[in-house]
Amino acid sequence: DRMKDQENIILVTRIDPEKADVVLSQFPKAVYHSDARMVVLKIRPVVNRGRGTILIITAGTSDIPVAKEAYLTAEAMGNTVDTIFDVGVSGIHRLLNHHKAIDQANVLIVVAGMEGALPSVVAGMVDRPVIAVPTSVGYGVNLGGLTALFAMLNSCSSNVAVVNIDNGFGAGYMASAINRE
């Protein structure tokens, strides 16, 4: 309640449905995004301040909730944001079908679990910043996202920066900072 007088938009991250219901009962204009586990309350219109598009790419469908958190964050910070979902390295042809959108993006956020290879592949395709987001989902020797995190930290692509496991908010925020006019 105290924040609404100071901010244009308020984001509540990692909120479960029961707590979201409490927030929504107090702030009827707020919107709960269950897929991203976020509440967004737009108090005043957000001005687009981005230089270009932030493109969010996921390896698999199970990475989408983290990607949605990044999307909502970057959008709330005044950016044009687009997405490409389920184009991981196990079906690399799907990624290559989106070469034009990838080439046109100003900043890319790449979300992947499993072996975490997709950010390095995307970074090899562009000369712009790629923010890698490891996810805790996956099977095999995922180790709660550590496998993907270690792979992303060890990327040989110089344009890759890595945020913490499942940190869609941090990725969206950093992409927005890079994308400012």
# chains A, B, ... in the order shown; residues from 1 in each chain; ligands from 1
$ closest_atom_pairs --of "stretch 64-94 of chain A" --to "stretch 14-31 of chain A" --cutoff "12 Å" --atoms "only C-alpha atoms" --output "tab-separated table"
residue	atom	partner	partner_atom	distance
A:Pro65	CA	A:Arg14	CA	10.7
A:Val66	CA	A:Arg14	CA	10.3
A:Lys68	CA	A:Arg14	CA	11.9
A:Glu69	CA	A:Arg14	CA	9.1
A:Leu72	CA	A:Val31	CA	11.2
$ write_last_selection --atoms "N, CA, C and O atoms" --output "compact mmCIF listing (two decimals), in the first residue's frame"
# COMPACT_ATOMS: atom_id res chain seq x y z
N PRO A 65 7.57 -20.64 -17.58
CA PRO A 65 7.25 -19.80 -16.42
C PRO A 65 8.37 -18.80 -16.06
O PRO A 65 8.08 -17.65 -15.74
N VAL A 66 9.60 -19.22 -16.14
CA VAL A 66 10.72 -18.31 -15.85
C VAL A 66 10.81 -17.25 -16.94
O VAL A 66 11.04 -16.08 -16.66
N LYS A 68 8.31 -16.09 -18.69
CA LYS A 68 7.19 -15.15 -18.48
C LYS A 68 7.52 -14.13 -17.40
O LYS A 68 7.15 -12.96 -17.49
N GLU A 69 8.24 -14.57 -16.36
CA GLU A 69 8.67 -13.64 -15.31
C GLU A 69 9.60 -12.58 -15.91
O GLU A 69 9.47 -11.38 -15.63
N LEU A 72 7.39 -10.17 -18.21
CA LEU A 72 6.59 -9.19 -17.47
C LEU A 72 7.47 -8.11 -16.84
O LEU A 72 7.10 -6.94 -16.80
$ select_by_dssp --residues "chain A" --states "alpha helix (DSSP H)" --output "count of residues only"
59
$ residues_around --residues "A:Pro134" --least-positions-apart "3" --cutoff "7 Å" --atoms "only C-alpha atoms" --output "list in words"
Val111, Ala112, Gly113, Gly116, Gly145, Ala148, Leu149, Asn164, Ile165 and Asp166 of chain A
$ write_last_selection --atoms "all heavy atoms" --output "short mmCIF file (atom, residue, chain, number, x, y, z; two decimals), in the first residue's frame"
data_model
loop_
_atom_site.label_atom_id
_atom_site.label_comp_id
_atom_site.auth_asym_id
_atom_site.auth_seq_id
_atom_site.Cartn_x
_atom_site.Cartn_y
_atom_site.Cartn_z
N VAL A 111 16.47 -18.81 -21.88
CA VAL A 111 16.11 -19.60 -20.69
C VAL A 111 16.19 -21.07 -21.04
O VAL A 111 15.56 -21.52 -21.99
CB VAL A 111 14.68 -19.23 -20.23
CG1 VAL A 111 14.33 -19.95 -18.94
CG2 VAL A 111 14.52 -17.72 -20.07
N ALA A 112 16.97 -21.82 -20.24
CA ALA A 112 17.14 -23.25 -20.54
C ALA A 112 17.47 -24.03 -19.27
O ALA A 112 18.19 -23.55 -18.41
CB ALA A 112 18.25 -23.44 -21.57
N GLY A 113 16.95 -25.22 -19.22
CA GLY A 113 17.31 -26.16 -18.17
C GLY A 113 18.18 -27.24 -18.77
O GLY A 113 19.00 -26.97 -19.65
N GLY A 116 21.70 -26.79 -20.51
CA GLY A 116 21.94 -25.35 -20.59
C GLY A 116 22.73 -24.90 -21.80
O GLY A 116 23.42 -23.88 -21.75
N GLY A 145 19.07 -27.35 -11.38
CA GLY A 145 19.51 -26.23 -12.21
C GLY A 145 21.00 -26.00 -12.22
O GLY A 145 21.52 -25.21 -13.00
N ALA A 148 22.77 -26.76 -15.67
CA ALA A 148 22.59 -25.68 -16.65
C ALA A 148 23.38 -24.44 -16.25
O ALA A 148 24.02 -23.79 -17.09
CB ALA A 148 21.11 -25.34 -16.79
N LEU A 149 23.38 -24.10 -14.97
CA LEU A 149 24.13 -22.93 -14.49
C LEU A 149 25.62 -23.08 -14.80
O LEU A 149 26.24 -22.16 -15.35
CB LEU A 149 23.93 -22.75 -12.99
CG LEU A 149 24.78 -21.65 -12.32
CD1 LEU A 149 24.40 -20.27 -12.84
CD2 LEU A 149 24.62 -21.72 -10.81
N ASN A 164 21.12 -15.99 -11.87
CA ASN A 164 20.95 -17.16 -11.03
C ASN A 164 19.83 -18.07 -11.54
O ASN A 164 19.02 -17.68 -12.39
CB ASN A 164 20.69 -16.75 -9.58
CG ASN A 164 21.20 -17.75 -8.58
OD1 ASN A 164 21.49 -18.90 -8.91
ND2 ASN A 164 21.31 -17.33 -7.34
N ILE A 165 19.77 -19.26 -11.00
CA ILE A 165 18.78 -20.26 -11.37
C ILE A 165 17.37 -19.72 -11.16
O ILE A 165 17.06 -19.18 -10.09
CB ILE A 165 19.00 -21.55 -10.55
CG1 ILE A 165 20.40 -22.13 -10.84
CG2 ILE A 165 17.91 -22.58 -10.85
CD1 ILE A 165 20.83 -23.20 -9.86
N ASP A 166 16.54 -19.83 -12.18
CA ASP A 166 15.13 -19.41 -12.17
C ASP A 166 14.94 -17.90 -11.98
O ASP A 166 13.84 -17.46 -11.66
CB ASP A 166 14.34 -20.17 -11.09
CG ASP A 166 14.21 -21.64 -11.37
OD1 ASP A 166 14.26 -22.04 -12.56
OD2 ASP A 166 14.05 -22.42 -10.40
#
$ residues_around --residues "A:Ile10" --least-positions-apart "6" --cutoff "9 Å" --atoms "only C-alpha atoms" --output "MDAnalysis selection string"
chainID A and resid 3:4 30 39:43 76
$ closest_residue --among "A:Met152, A:Ile9, A:Ala132, A:Leu108" --to "A:Pro45" --atoms "only C-alpha atoms"
A:Ile9
$ closest_residue --among "A:Met38, A:Val126, A:Met77, A:Leu96" --to "A:Gly50" --atoms "only C-alpha atoms"
A:Met77
$ residues_around --residues "stretch 102-106 of chain A" --least-positions-apart "3" --cutoff "8 Å" --atoms "only C-alpha atoms" --output "PyMOL selection string"
chain A and resi 51-55+98-99+125-126+128-129+179
$ write_last_selection --atoms "N, CA, C and O atoms" --output "compact mmCIF listing (two decimals), in the first residue's frame"
# COMPACT_ATOMS: atom_id res chain seq x y z
N ARG A 51 15.50 0.90 -26.57
CA ARG A 51 16.09 1.21 -27.88
C ARG A 51 15.67 0.21 -28.94
O ARG A 51 15.77 0.48 -30.13
N GLY A 52 15.30 -0.96 -28.53
CA GLY A 52 14.92 -2.01 -29.47
C GLY A 52 14.13 -3.08 -28.74
O GLY A 52 13.66 -2.87 -27.63
N THR A 53 14.01 -4.23 -29.37
CA THR A 53 13.24 -5.33 -28.81
C THR A 53 14.10 -6.22 -27.94
O THR A 53 15.25 -6.53 -28.28
N ILE A 54 13.55 -6.62 -26.82
CA ILE A 54 14.14 -7.67 -25.99
C ILE A 54 13.45 -8.96 -26.41
O ILE A 54 12.22 -9.06 -26.37
N LEU A 55 14.23 -9.93 -26.84
CA LEU A 55 13.68 -11.21 -27.29
C LEU A 55 14.00 -12.27 -26.24
O LEU A 55 15.15 -12.43 -25.84
N HIS A 98 13.77 -19.06 -36.75
CA HIS A 98 13.51 -17.73 -36.20
C HIS A 98 14.73 -16.81 -36.34
O HIS A 98 14.87 -15.84 -35.61
N HIS A 99 15.58 -17.11 -37.29
CA HIS A 99 16.83 -16.36 -37.45
C HIS A 99 16.61 -14.87 -37.62
O HIS A 99 17.33 -14.05 -37.04
N MET A 125 25.21 -16.82 -32.68
CA MET A 125 24.48 -16.33 -33.84
C MET A 125 24.42 -14.80 -33.91
O MET A 125 24.08 -14.25 -34.95
N VAL A 126 24.71 -14.12 -32.79
CA VAL A 126 24.52 -12.67 -32.72
C VAL A 126 25.75 -11.99 -32.12
O VAL A 126 26.59 -12.63 -31.48
N ARG A 128 25.23 -9.34 -30.01
CA ARG A 128 24.59 -8.54 -28.97
C ARG A 128 24.54 -9.31 -27.66
O ARG A 128 24.79 -10.50 -27.64
N PRO A 129 24.17 -8.61 -26.57
CA PRO A 129 24.16 -9.28 -25.26
C PRO A 129 23.13 -10.41 -25.19
O PRO A 129 22.00 -10.26 -25.66
N ASN A 179 18.97 -2.20 -22.54
CA ASN A 179 18.16 -1.74 -23.67
C ASN A 179 17.72 -0.27 -23.56
O ASN A 179 17.03 0.22 -24.42
$ select_by_dssp --residues "stretch 12-158 of chain A" --states "strand (DSSP E)" --output "VMD selection string"
chain A and resid 12 31 to 33 38 to 42 53 to 58 80 to 84 107 to 112 130 to 134
$ closest_residue --among "A:Thr80, A:Asn142, A:Val107, A:Glu75" --to "A:Ile178" --atoms "only C-alpha atoms"
A:Val107
